[in-house]
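Participant: Contents of upload-v2.txt (compact mmCIF, C-alpha atoms):
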```txt
# COMPACT_ATOMS: atom_id res chain seq x y z
CA MET W 144 110.80 -83.24 61.42
CA VAL W 145 111.38 -86.83 60.34
CA SER W 146 114.85 -88.18 61.20
CA ALA W 147 117.34 -88.16 58.33
CA LEU W 148 118.79 -91.52 59.42
CA VAL W 149 115.37 -93.19 59.67
CA THR W 150 114.49 -91.75 56.26
CA TRP W 151 117.68 -93.12 54.74
CA GLY W 152 117.01 -96.55 56.19
CA LEU W 153 113.44 -96.55 54.89
CA ILE W 154 114.66 -95.58 51.42
CA LEU W 155 116.86 -98.68 51.50
CA ASP W 156 113.86 -100.77 52.57
CA ARG W 157 111.73 -99.30 49.78
CA SER W 158 114.54 -99.91 47.27
CA LEU W 159 114.79 -103.57 48.22
CA ALA W 160 111.01 -103.92 48.02
CA GLU W 161 111.06 -102.46 44.49
CA ILE W 162 113.75 -104.92 43.42
CA ALA W 163 111.79 -107.79 44.98
CA ALA W 164 108.60 -106.78 43.17
CA THR W 165 110.14 -106.50 39.71
CA SER W 166 112.27 -109.65 40.08
CA ALA W 167 109.38 -111.86 41.22
CA ASN W 168 108.42 -112.66 37.63
CA PRO W 169 111.18 -113.17 35.02
CA GLU W 170 108.78 -112.14 32.26
CA THR W 171 108.24 -108.69 33.79
CA PHE W 172 111.77 -108.21 35.19
CA ASP W 173 112.76 -104.57 34.74
CA GLY W 174 116.53 -104.52 34.19
CA HIS W 175 116.65 -100.73 33.99
CA LEU W 176 114.91 -100.32 37.35
CA VAL W 177 117.10 -102.95 39.03
CA ASN W 178 120.28 -101.48 37.58
CA ARG W 179 119.33 -97.95 38.64
CA ILE W 180 118.37 -98.87 42.22
CA ALA W 181 121.32 -101.19 42.81
CA ASP W 182 123.66 -98.51 41.44
CA VAL W 183 122.43 -96.14 44.15
CA TRP W 184 123.26 -98.63 46.90
CA ASP W 185 126.48 -99.80 45.32
CA ASN W 186 127.78 -96.32 46.24
CA ASN W 187 125.76 -95.65 49.40
CA THR W 188 125.70 -98.86 51.44
CA VAL W 189 128.96 -98.14 53.27
CA PRO W 190 128.09 -94.47 54.06
CA PHE W 191 124.67 -95.57 55.35
CA PHE W 192 126.22 -98.16 57.68
CA GLY W 193 128.80 -95.58 58.76
CA ALA W 194 126.05 -93.16 59.75
CA ALA W 195 124.04 -95.86 61.56
CA LEU W 196 127.13 -96.89 63.57
CA ALA W 197 128.26 -93.42 64.68
CA ARG W 198 128.66 -93.01 68.45
CA THR W 199 126.12 -90.29 69.19
CA LYS W 200 122.62 -89.56 67.98
CA ARG W 201 123.71 -86.09 66.89
CA ARG W 202 126.61 -87.50 64.85
CA ARG W 203 124.38 -90.17 63.29
CA GLU W 204 121.89 -87.55 62.20
CA HIS W 205 124.61 -85.25 60.82
CA LEU W 206 126.11 -88.05 58.75
CA ALA W 207 122.69 -89.13 57.52
CA GLU W 208 121.79 -85.59 56.43
CA ALA W 209 125.06 -85.33 54.50
CA GLY W 210 124.59 -88.85 53.14
CA LEU W 211 121.11 -88.14 51.78
CA LEU W 212 122.41 -85.04 50.01
CA TRP W 213 125.34 -86.97 48.56
CA MET W 214 123.07 -89.80 47.44
CA ALA W 215 120.65 -87.41 45.73
CA ASP W 216 123.16 -85.04 44.17
CA PHE W 217 124.18 -87.19 41.22
CA GLY W 218 122.40 -85.67 38.27
CA PRO W 219 118.74 -84.85 37.52
CA ASP W 220 117.45 -88.44 37.43
CA ARG W 221 118.99 -89.32 40.79
CA ARG W 222 117.65 -86.08 42.27
CA ALA W 223 114.15 -86.86 41.09
CA TRP W 224 114.40 -90.41 42.46
CA ALA W 225 115.63 -89.25 45.86
CA LEU W 226 113.06 -86.46 46.13
CA THR W 227 110.26 -88.89 45.33
CA HIS W 228 111.29 -91.11 48.24
CA THR W 229 112.10 -88.38 50.77
CA THR W 230 108.89 -86.49 50.03
CA ALA W 231 106.82 -89.67 50.40
CA LEU W 232 108.49 -90.30 53.76
CA GLY W 233 107.92 -86.74 55.01
CA TYR W 234 111.56 -85.65 54.95
CA GLN W 235 112.52 -82.29 53.47
CA LEU W 236 115.62 -82.68 51.34
CA ASN W 237 117.21 -79.28 50.75
CA LEU W 238 119.39 -79.87 47.72
CA PRO W 239 121.78 -77.15 46.54
CA GLU W 240 121.03 -75.52 43.21
CA LEU W 241 122.81 -77.03 40.24
CA THR W 242 124.74 -74.88 37.80
CA PRO W 243 126.23 -75.84 34.41
CA ASN W 244 129.77 -75.60 35.80
CA HIS W 245 128.98 -77.47 39.04
CA PRO W 246 126.51 -80.27 38.31
CA TYR W 247 127.31 -82.06 41.57
CA ALA W 248 127.37 -79.74 44.56
CA ALA W 249 127.22 -82.08 47.56
CA GLU W 250 130.27 -83.59 49.24
CA PRO W 251 130.47 -87.03 50.89
CA ALA W 252 130.76 -87.06 54.66
CA GLU W 253 133.62 -88.87 56.35
CA THR W 254 132.38 -91.72 58.53
CA GLY W 255 134.33 -93.79 61.00
CA PRO W 256 135.66 -97.28 60.23
CA ILE W 257 133.28 -100.24 60.44
CA HIS W 258 134.59 -103.16 62.48
CA GLY W 259 133.68 -106.70 63.49
CA VAL W 260 130.41 -108.38 62.60
CA ALA W 261 129.00 -105.08 61.35
CA ARG W 262 131.73 -105.06 58.72
CA VAL W 263 130.68 -108.55 57.63
CA ALA W 264 127.11 -107.26 57.25
CA VAL W 265 128.08 -104.22 55.22
CA ARG W 266 130.28 -106.34 52.95
CA LEU W 267 127.42 -108.76 52.26
CA LEU W 268 124.89 -106.06 51.39
CA HIS W 269 127.40 -104.11 49.33
CA TRP W 270 128.40 -107.18 47.32
CA ALA W 271 124.74 -108.06 46.80
CA MET W 272 124.07 -104.60 45.36
CA ILE W 273 127.09 -104.82 43.05
CA GLU W 274 125.97 -108.19 41.73
CA THR W 275 122.34 -107.06 41.45
CA ARG W 276 123.44 -104.04 39.40
CA VAL W 277 125.27 -106.38 37.03
CA VAL W 278 122.17 -108.56 36.66
CA GLY W 279 120.13 -105.48 35.78
CA PHE W 280 122.73 -104.50 33.20
CA LEU W 281 122.76 -107.99 31.70
CA ALA W 282 118.97 -107.85 31.41
CA LEU W 283 119.24 -104.59 29.47
CA GLU W 284 121.71 -106.32 27.16
CA GLY W 285 119.43 -109.33 26.75
CA ASN W 286 121.81 -111.68 28.58
CA THR W 287 119.71 -112.74 31.57
CA ASP W 288 120.77 -116.35 31.06
CA LYS W 289 124.27 -115.34 32.19
CA ALA W 290 123.07 -113.93 35.51
CA GLU W 291 123.88 -116.23 38.42
CA THR W 292 122.98 -113.94 41.32
CA PRO W 293 119.61 -114.87 42.90
CA VAL W 294 118.31 -111.30 42.84
CA HIS W 295 114.77 -112.05 43.99
CA ALA W 296 115.88 -114.29 46.85
CA LEU W 297 118.44 -111.72 48.00
CA SER W 298 116.00 -108.80 47.84
CA LEU W 299 113.62 -110.81 50.06
CA ALA W 300 116.45 -111.84 52.40
CA PHE W 301 117.51 -108.23 52.87
CA ALA W 302 113.94 -106.94 53.31
CA GLY W 303 113.79 -104.45 56.18
CA THR W 304 117.57 -104.19 56.39
CA GLY W 305 117.60 -100.39 56.48
CA THR W 306 115.50 -100.31 59.64
CA ALA W 307 117.31 -103.33 61.12
CA VAL W 308 120.78 -101.80 60.62
CA ILE W 309 119.75 -98.63 62.45
CA LYS W 310 118.40 -100.69 65.35
CA ALA W 311 121.53 -102.89 65.47
CA GLY W 312 123.80 -99.85 65.24
CA SER W 313 122.13 -98.27 68.25
CA SER W 314 122.92 -101.38 70.33
CA ARG W 315 126.20 -99.94 71.51
CA PHE W 316 127.09 -102.70 73.99
CA ASN W 317 125.55 -105.62 72.08
CA ARG W 318 126.32 -104.52 68.54
CA ASP W 319 128.11 -107.67 67.41
CA ALA W 320 125.28 -109.85 68.72
CA ALA W 321 122.68 -107.66 67.00
CA PHE W 322 124.46 -107.85 63.66
CA LEU W 323 125.06 -111.57 64.08
CA THR W 324 121.30 -112.06 64.52
CA LEU W 325 120.67 -109.95 61.40
CA ILE W 326 123.18 -111.88 59.25
CA THR W 327 121.79 -115.19 60.49
CA SER W 328 118.29 -114.11 59.43
CA TRP W 329 119.63 -113.30 55.94
CA LEU W 330 121.41 -116.63 55.75
CA ASN W 331 118.34 -118.62 56.75
CA SER W 332 115.82 -116.73 54.62
CA SER W 333 115.73 -119.32 51.82
CA PRO W 334 117.83 -122.19 50.41
CA GLU W 335 118.72 -120.13 47.33
CA ALA W 336 119.87 -117.15 49.38
CA ARG W 337 121.71 -119.44 51.80
CA GLU W 338 123.99 -120.71 49.06
CA TRP W 339 124.87 -117.18 48.00
CA PHE W 340 125.58 -116.05 51.57
CA ARG W 341 127.69 -119.12 52.32
CA HIS W 342 129.81 -118.44 49.25
CA GLN W 343 130.30 -114.77 50.16
CA LEU W 344 131.15 -115.59 53.77
CA GLN W 345 133.70 -118.13 52.59
CA GLU W 346 135.27 -115.49 50.35
CA LEU W 347 135.35 -113.01 53.21
CA ALA W 348 136.83 -115.54 55.64
CA THR W 349 139.75 -116.23 53.28
CA PHE W 350 140.28 -112.75 51.82
CA ASP W 351 143.92 -111.90 52.52
CA HIS W 352 143.41 -108.12 52.53
CA GLU W 353 140.58 -108.16 55.06
CA ASP W 354 140.87 -107.38 58.78
CA PRO W 355 141.68 -110.67 60.60
CA ALA W 356 138.84 -109.99 63.05
CA VAL W 357 136.42 -109.81 60.14
CA GLN W 358 137.84 -113.02 58.66
CA THR W 359 137.31 -114.72 62.00
CA ALA W 360 133.75 -113.39 62.32
CA ALA W 361 132.85 -114.64 58.83
CA ALA W 362 134.37 -118.05 59.57
CA ASP W 363 132.48 -118.27 62.90
CA ILE W 364 129.19 -117.47 61.15
CA LEU W 365 129.86 -120.16 58.57
CA ARG W 366 130.73 -122.69 61.26
CA ALA W 367 127.58 -121.89 63.24
CA ALA W 368 125.49 -122.23 60.08
CA ALA W 369 127.02 -125.62 59.34
CA ASP W 370 126.40 -126.82 62.91
CA GLY W 371 122.83 -125.60 62.73
```
What is this file in structure tokens?

Facilitator:
Amino acid sequence: MVSALVTWGLILDRSLAEIAATSANPETFDGHLVNRIADVWDNNTVPFFGAALARTKRRREHLAEAGLLWMADFGPDRRAWALTHTTALGYQLNLPELTPNHPYAAEPAETGPIHGVARVAVRLLHWAMIETRVVGFLALEGNTDKAETPVHALSLAFAGTGTAVIKAGSSRFNRDAAFLTLITSWLNSSPEAREWFRHQLQELATFDHEDPAVQTAAADILRAAADG
């Protein structure tokens, strides 16, 4: 059977590819599609990272199985979306039956805390999905001129992130270095994306309520980018 964690990562990759495709041309930009996909990952980026960073393969797979169910079990439209992806990827998603009194049957799994450079990475992707969801909403409202987030550039920058996060998470003794390489690739993907990432890293480096180690990591990444 196909791994639940690999499936989850590939769904993220497919999601980013869909956003990239529809945002390539402003005239054919699909705000509904972008809003719907980004809304999924607004709520599932942190659980996905948590699963990818779990200590053992068995724990990673358990969290991914629970995470896929949680992601899918959010009404009929979300179920259909998730089943389309999991079926295409060869993963059997056994969703509980819905009843009128219990429309959402799955429960989120508790993952461990995310530390260090990995936390910088999850913050960046999560913030990108939040801003992308807003851009999709603005498009539905006919206010695309108010959208400042470079959705297309970000979707290209994050391409392959689902697979890359799983690989970096499995690097138990070189995890910070693996995530640093991943963030650096995002930062250097394009001039437009670089500006967005620099701004977010600056925010993270000075955010009073963030872990000091994460603030330091964000500041170090910014400094290295400036030196480069």

Participant: I need the residue nearest W:Ile257 from this list: W:Pro334, W:Asp319, W:Trp151, W:Phe340. Use all atoms listed in the file for the distance.

Facilitator: W:Asp319

Participant: Could you please determine the separation between atom CA of W:Ala197 and atom CA of W:Ala320 in Å, to one decimal place?

Facilitator: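 Between these atoms lies a distance of 17.2 Å.
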
Participant: If you count all atoms listed in the file, which residues fall within 12 Å of W:Thr324, apart from same-chain ones fewer than 2 positions away, as a PDB file with C-alpha atoms, in the coordinates of the input?

Facilitator:
```pdb
ATOM      1  CA  VAL W 260     130.410-108.380  62.600  1.00  0.00           C
ATOM      2  CA  ALA W 261     129.000-105.080  61.350  1.00  0.00           C
ATOM      3  CA  ALA W 264     127.110-107.260  57.250  1.00  0.00           C
ATOM      4  CA  THR W 304     117.570-104.190  56.390  1.00  0.00           C
ATOM      5  CA  ALA W 307     117.310-103.330  61.120  1.00  0.00           C
ATOM      6  CA  VAL W 308     120.780-101.800  60.620  1.00  0.00           C
ATOM      7  CA  LYS W 310     118.400-100.690  65.350  1.00  0.00           C
ATOM      8  CA  ALA W 311     121.530-102.890  65.470  1.00  0.00           C
ATOM      9  CA  ASN W 317     125.550-105.620  72.080  1.00  0.00           C
ATOM     10  CA  ARG W 318     126.320-104.520  68.540  1.00  0.00           C
ATOM     11  CA  ASP W 319     128.110-107.670  67.410  1.00  0.00           C
ATOM     12  CA  ALA W 320     125.280-109.850  68.720  1.00  0.00           C
ATOM     13  CA  ALA W 321     122.680-107.660  67.000  1.00  0.00           C
ATOM     14  CA  PHE W 322     124.460-107.850  63.660  1.00  0.00           C
ATOM     15  CA  ILE W 326     123.180-111.880  59.250  1.00  0.00           C
ATOM     16  CA  THR W 327     121.790-115.190  60.490  1.00  0.00           C
ATOM     17  CA  SER W 328     118.290-114.110  59.430  1.00  0.00           C
ATOM     18  CA  TRP W 329     119.630-113.300  55.940  1.00  0.00           C
ATOM     19  CA  LEU W 330     121.410-116.630  55.750  1.00  0.00           C
ATOM     20  CA  ASN W 331     118.340-118.620  56.750  1.00  0.00           C
ATOM     21  CA  ILE W 364     129.190-117.470  61.150  1.00  0.00           C
ATOM     22  CA  ALA W 367     127.580-121.890  63.240  1.00  0.00           C
ATOM     23  CA  ALA W 368     125.490-122.230  60.080  1.00  0.00           C
TER      24      ALA W 368
END
```

Participant: Closest to W:Ser158 among W:Phe192, W:Phe301, W:Phe217, W:Phe280, using all atoms listed in the file?

Facilitator: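 Among the listed residues, the smallest separation from W:Ser158 belongs to W:Phe301.
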
Participant: Rank W:Ala362, W:Leu281, W:Val149, W:Val177 by their smallest atom-to-atom distance to W:Phe191, using only C-alpha atoms, and report the top residue only.

Facilitator: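 Of W:Ala362, W:Leu281, W:Val149, W:Val177, the one nearest W:Phe191, counting only C-alpha atoms, is W:Val149.
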
Participant: From the set W:Gly305, W:Thr188, W:Ala282, W:Leu206, which residue has the shortest atom-to-atom contact distance to W:Thr171, counting all atoms listed in the file?

Facilitator: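 Residue with the minimum atom-to-atom distance to W:Thr171: W:Ala282.
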
Participant: Nearest to W:His269: which of W:Gly218, W:Gly152, W:Gly233, W:Pro190 is it, counting only C-alpha atoms?

Facilitator: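 Among W:Gly218, W:Gly152, W:Gly233, W:Pro190, it is W:Pro190 that comes nearest to W:His269.
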
Participant: Which one of W:Val263, W:Ile309, W:Ala147, W:Val277 sits closest to W:Arg201 if you count all atoms listed in the file?

Facilitator: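 Closest to W:Arg201, using all atoms listed in the file: W:Ala147.
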
Participant: Could you give me the centre and size, in Å to one decimal, of an axis-aligned box around all listed atoms of stretch 298-302 of chain W with 6 Å added on every side, as AutoDock Vina command-line options?

Facilitator:
```
--center_x 115.6 --center_y -109.4 --center_z 50.6 --size_x 15.9 --size_y 16.9 --size_z 17.5
```

Participant: What is the atom CA of W:His228 to atom CA of W:Leu299 distance in Å?

Facilitator: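 These atoms are spaced 19.9 Å apart.
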
Participant: Name the residues within 10 Å of (114.2, -86.9, 46.8), counting only C-alpha atoms in the file's coordinates, and put them as a list in words.

Facilitator: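 It turns out the residues near that spot are Ile154, Leu211, Leu212, Met214, Ala215, Asp216, Arg221, Arg222, Ala223, Trp224, Ala225, Leu226, Thr227, His228, Thr229, Thr230, Ala231, Leu232, Tyr234, Gln235, Leu236, Asn237 and Leu238 of chain W.
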
Participant: Could you work out how far atom CA of W:Leu159 lies from atom CA of W:Pro256, giving the answer in Å with one decimal?

Facilitator: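 We find that atom CA of W:Pro256 and atom CA of W:Leu159 lie 24.9 Å from each other.
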
Participant: Can stretch 311-322 of chain W be brought up to all heavy atoms and written out as a PDB file, in the coordinates of the input?

Facilitator:
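Contents of the output file result_11.pdb:
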```pdb
ATOM      1  N   ALA W 311     120.318-102.182  65.043  1.00  0.00           N
ATOM      2  CA  ALA W 311     121.530-102.890  65.470  1.00  0.00           C
ATOM      3  C   ALA W 311     122.646-101.897  65.802  1.00  0.00           C
ATOM      4  O   ALA W 311     123.391-102.088  66.769  1.00  0.00           O
ATOM      5  CB  ALA W 311     121.986-103.856  64.390  1.00  0.00           C
ATOM      6  N   GLY W 312     122.763-100.851  65.001  1.00  0.00           N
ATOM      7  CA  GLY W 312     123.800 -99.850  65.240  1.00  0.00           C
ATOM      8  C   GLY W 312     123.624 -99.118  66.544  1.00  0.00           C
ATOM      9  O   GLY W 312     124.603 -98.676  67.159  1.00  0.00           O
ATOM     10  N   SER W 313     122.384 -98.976  66.992  1.00  0.00           N
ATOM     11  CA  SER W 313     122.130 -98.270  68.250  1.00  0.00           C
ATOM     12  C   SER W 313     122.399 -99.153  69.465  1.00  0.00           C
ATOM     13  O   SER W 313     122.417 -98.666  70.591  1.00  0.00           O
ATOM     14  CB  SER W 313     120.671 -97.774  68.283  1.00  0.00           C
ATOM     15  OG  SER W 313     119.770 -98.865  68.338  1.00  0.00           O
ATOM     16  N   SER W 314     122.616-100.454  69.231  1.00  0.00           N
ATOM     17  CA  SER W 314     122.920-101.380  70.330  1.00  0.00           C
ATOM     18  C   SER W 314     124.403-101.295  70.650  1.00  0.00           C
ATOM     19  O   SER W 314     125.194-102.184  70.296  1.00  0.00           O
ATOM     20  CB  SER W 314     122.549-102.817  69.929  1.00  0.00           C
ATOM     21  OG  SER W 314     121.199-102.900  69.563  1.00  0.00           O
ATOM     22  N   ARG W 315     124.788-100.254  71.327  1.00  0.00           N
ATOM     23  CA  ARG W 315     126.200 -99.940  71.510  1.00  0.00           C
ATOM     24  C   ARG W 315     126.976-101.047  72.218  1.00  0.00           C
ATOM     25  O   ARG W 315     128.129-101.343  71.875  1.00  0.00           O
ATOM     26  CB  ARG W 315     126.331 -98.630  72.285  1.00  0.00           C
ATOM     27  CG  ARG W 315     127.762 -98.139  72.419  1.00  0.00           C
ATOM     28  CD  ARG W 315     127.803 -96.766  73.028  1.00  0.00           C
ATOM     29  NE  ARG W 315     129.169 -96.353  73.302  1.00  0.00           N
ATOM     30  CZ  ARG W 315     129.491 -95.222  73.918  1.00  0.00           C
ATOM     31  NH1 ARG W 315     128.538 -94.394  74.307  1.00  0.00           N
ATOM     32  NH2 ARG W 315     130.754 -94.914  74.148  1.00  0.00           N
ATOM     33  N   PHE W 316     126.371-101.696  73.209  1.00  0.00           N
ATOM     34  CA  PHE W 316     127.090-102.700  73.990  1.00  0.00           C
ATOM     35  C   PHE W 316     126.811-104.125  73.520  1.00  0.00           C
ATOM     36  O   PHE W 316     127.431-105.067  74.008  1.00  0.00           O
ATOM     37  CB  PHE W 316     126.739-102.543  75.476  1.00  0.00           C
ATOM     38  CG  PHE W 316     127.128-101.201  76.033  1.00  0.00           C
ATOM     39  CD1 PHE W 316     126.159-100.237  76.317  1.00  0.00           C
ATOM     40  CD2 PHE W 316     128.456-100.877  76.234  1.00  0.00           C
ATOM     41  CE1 PHE W 316     126.522 -98.999  76.812  1.00  0.00           C
ATOM     42  CE2 PHE W 316     128.831 -99.634  76.733  1.00  0.00           C
ATOM     43  CZ  PHE W 316     127.850 -98.684  77.012  1.00  0.00           C
ATOM     44  N   ASN W 317     125.862-104.285  72.607  1.00  0.00           N
ATOM     45  CA  ASN W 317     125.550-105.620  72.080  1.00  0.00           C
ATOM     46  C   ASN W 317     125.530-105.594  70.556  1.00  0.00           C
ATOM     47  O   ASN W 317     124.765-106.325  69.928  1.00  0.00           O
ATOM     48  CB  ASN W 317     124.170-106.076  72.604  1.00  0.00           C
ATOM     49  CG  ASN W 317     124.150-106.221  74.107  1.00  0.00           C
ATOM     50  OD1 ASN W 317     124.838-107.067  74.653  1.00  0.00           O
ATOM     51  ND2 ASN W 317     123.365-105.393  74.771  1.00  0.00           N
ATOM     52  N   ARG W 318     126.370-104.750  69.981  1.00  0.00           N
ATOM     53  CA  ARG W 318     126.320-104.520  68.540  1.00  0.00           C
ATOM     54  C   ARG W 318     126.666-105.774  67.747  1.00  0.00           C
ATOM     55  O   ARG W 318     125.983-106.110  66.779  1.00  0.00           O
ATOM     56  CB  ARG W 318     127.255-103.363  68.177  1.00  0.00           C
ATOM     57  CG  ARG W 318     127.151-102.925  66.740  1.00  0.00           C
ATOM     58  CD  ARG W 318     127.943-101.656  66.524  1.00  0.00           C
ATOM     59  NE  ARG W 318     127.268-100.505  67.080  1.00  0.00           N
ATOM     60  CZ  ARG W 318     127.825 -99.289  67.189  1.00  0.00           C
ATOM     61  NH1 ARG W 318     129.078 -99.111  66.825  1.00  0.00           N
ATOM     62  NH2 ARG W 318     127.132 -98.280  67.673  1.00  0.00           N
ATOM     63  N   ASP W 319     127.726-106.462  68.137  1.00  0.00           N
ATOM     64  CA  ASP W 319     128.110-107.670  67.410  1.00  0.00           C
ATOM     65  C   ASP W 319     126.983-108.702  67.436  1.00  0.00           C
ATOM     66  O   ASP W 319     126.685-109.349  66.424  1.00  0.00           O
ATOM     67  CB  ASP W 319     129.388-108.272  67.982  1.00  0.00           C
ATOM     68  CG  ASP W 319     130.648-107.609  67.434  1.00  0.00           C
ATOM     69  OD1 ASP W 319     130.509-106.714  66.571  1.00  0.00           O
ATOM     70  OD2 ASP W 319     131.754-107.981  67.854  1.00  0.00           O
ATOM     71  N   ALA W 320     126.368-108.880  68.594  1.00  0.00           N
ATOM     72  CA  ALA W 320     125.280-109.850  68.720  1.00  0.00           C
ATOM     73  C   ALA W 320     124.092-109.444  67.851  1.00  0.00           C
ATOM     74  O   ALA W 320     123.450-110.295  67.218  1.00  0.00           O
ATOM     75  CB  ALA W 320     124.841-109.954  70.179  1.00  0.00           C
ATOM     76  N   ALA W 321     123.803-108.139  67.802  1.00  0.00           N
ATOM     77  CA  ALA W 321     122.680-107.660  67.000  1.00  0.00           C
ATOM     78  C   ALA W 321     122.932-107.891  65.512  1.00  0.00           C
ATOM     79  O   ALA W 321     122.033-108.337  64.782  1.00  0.00           O
ATOM     80  CB  ALA W 321     122.447-106.166  67.267  1.00  0.00           C
ATOM     81  N   PHE W 322     124.149-107.630  65.065  1.00  0.00           N
ATOM     82  CA  PHE W 322     124.460-107.850  63.660  1.00  0.00           C
ATOM     83  C   PHE W 322     124.583-109.342  63.337  1.00  0.00           C
ATOM     84  O   PHE W 322     124.259-109.755  62.219  1.00  0.00           O
ATOM     85  CB  PHE W 322     125.733-107.095  63.259  1.00  0.00           C
ATOM     86  CG  PHE W 322     125.478-105.663  62.907  1.00  0.00           C
ATOM     87  CD1 PHE W 322     125.802-104.639  63.785  1.00  0.00           C
ATOM     88  CD2 PHE W 322     124.883-105.327  61.698  1.00  0.00           C
ATOM     89  CE1 PHE W 322     125.547-103.316  63.463  1.00  0.00           C
ATOM     90  CE2 PHE W 322     124.627-104.012  61.357  1.00  0.00           C
ATOM     91  CZ  PHE W 322     124.950-102.997  62.249  1.00  0.00           C
TER      92      PHE W 322
END
```
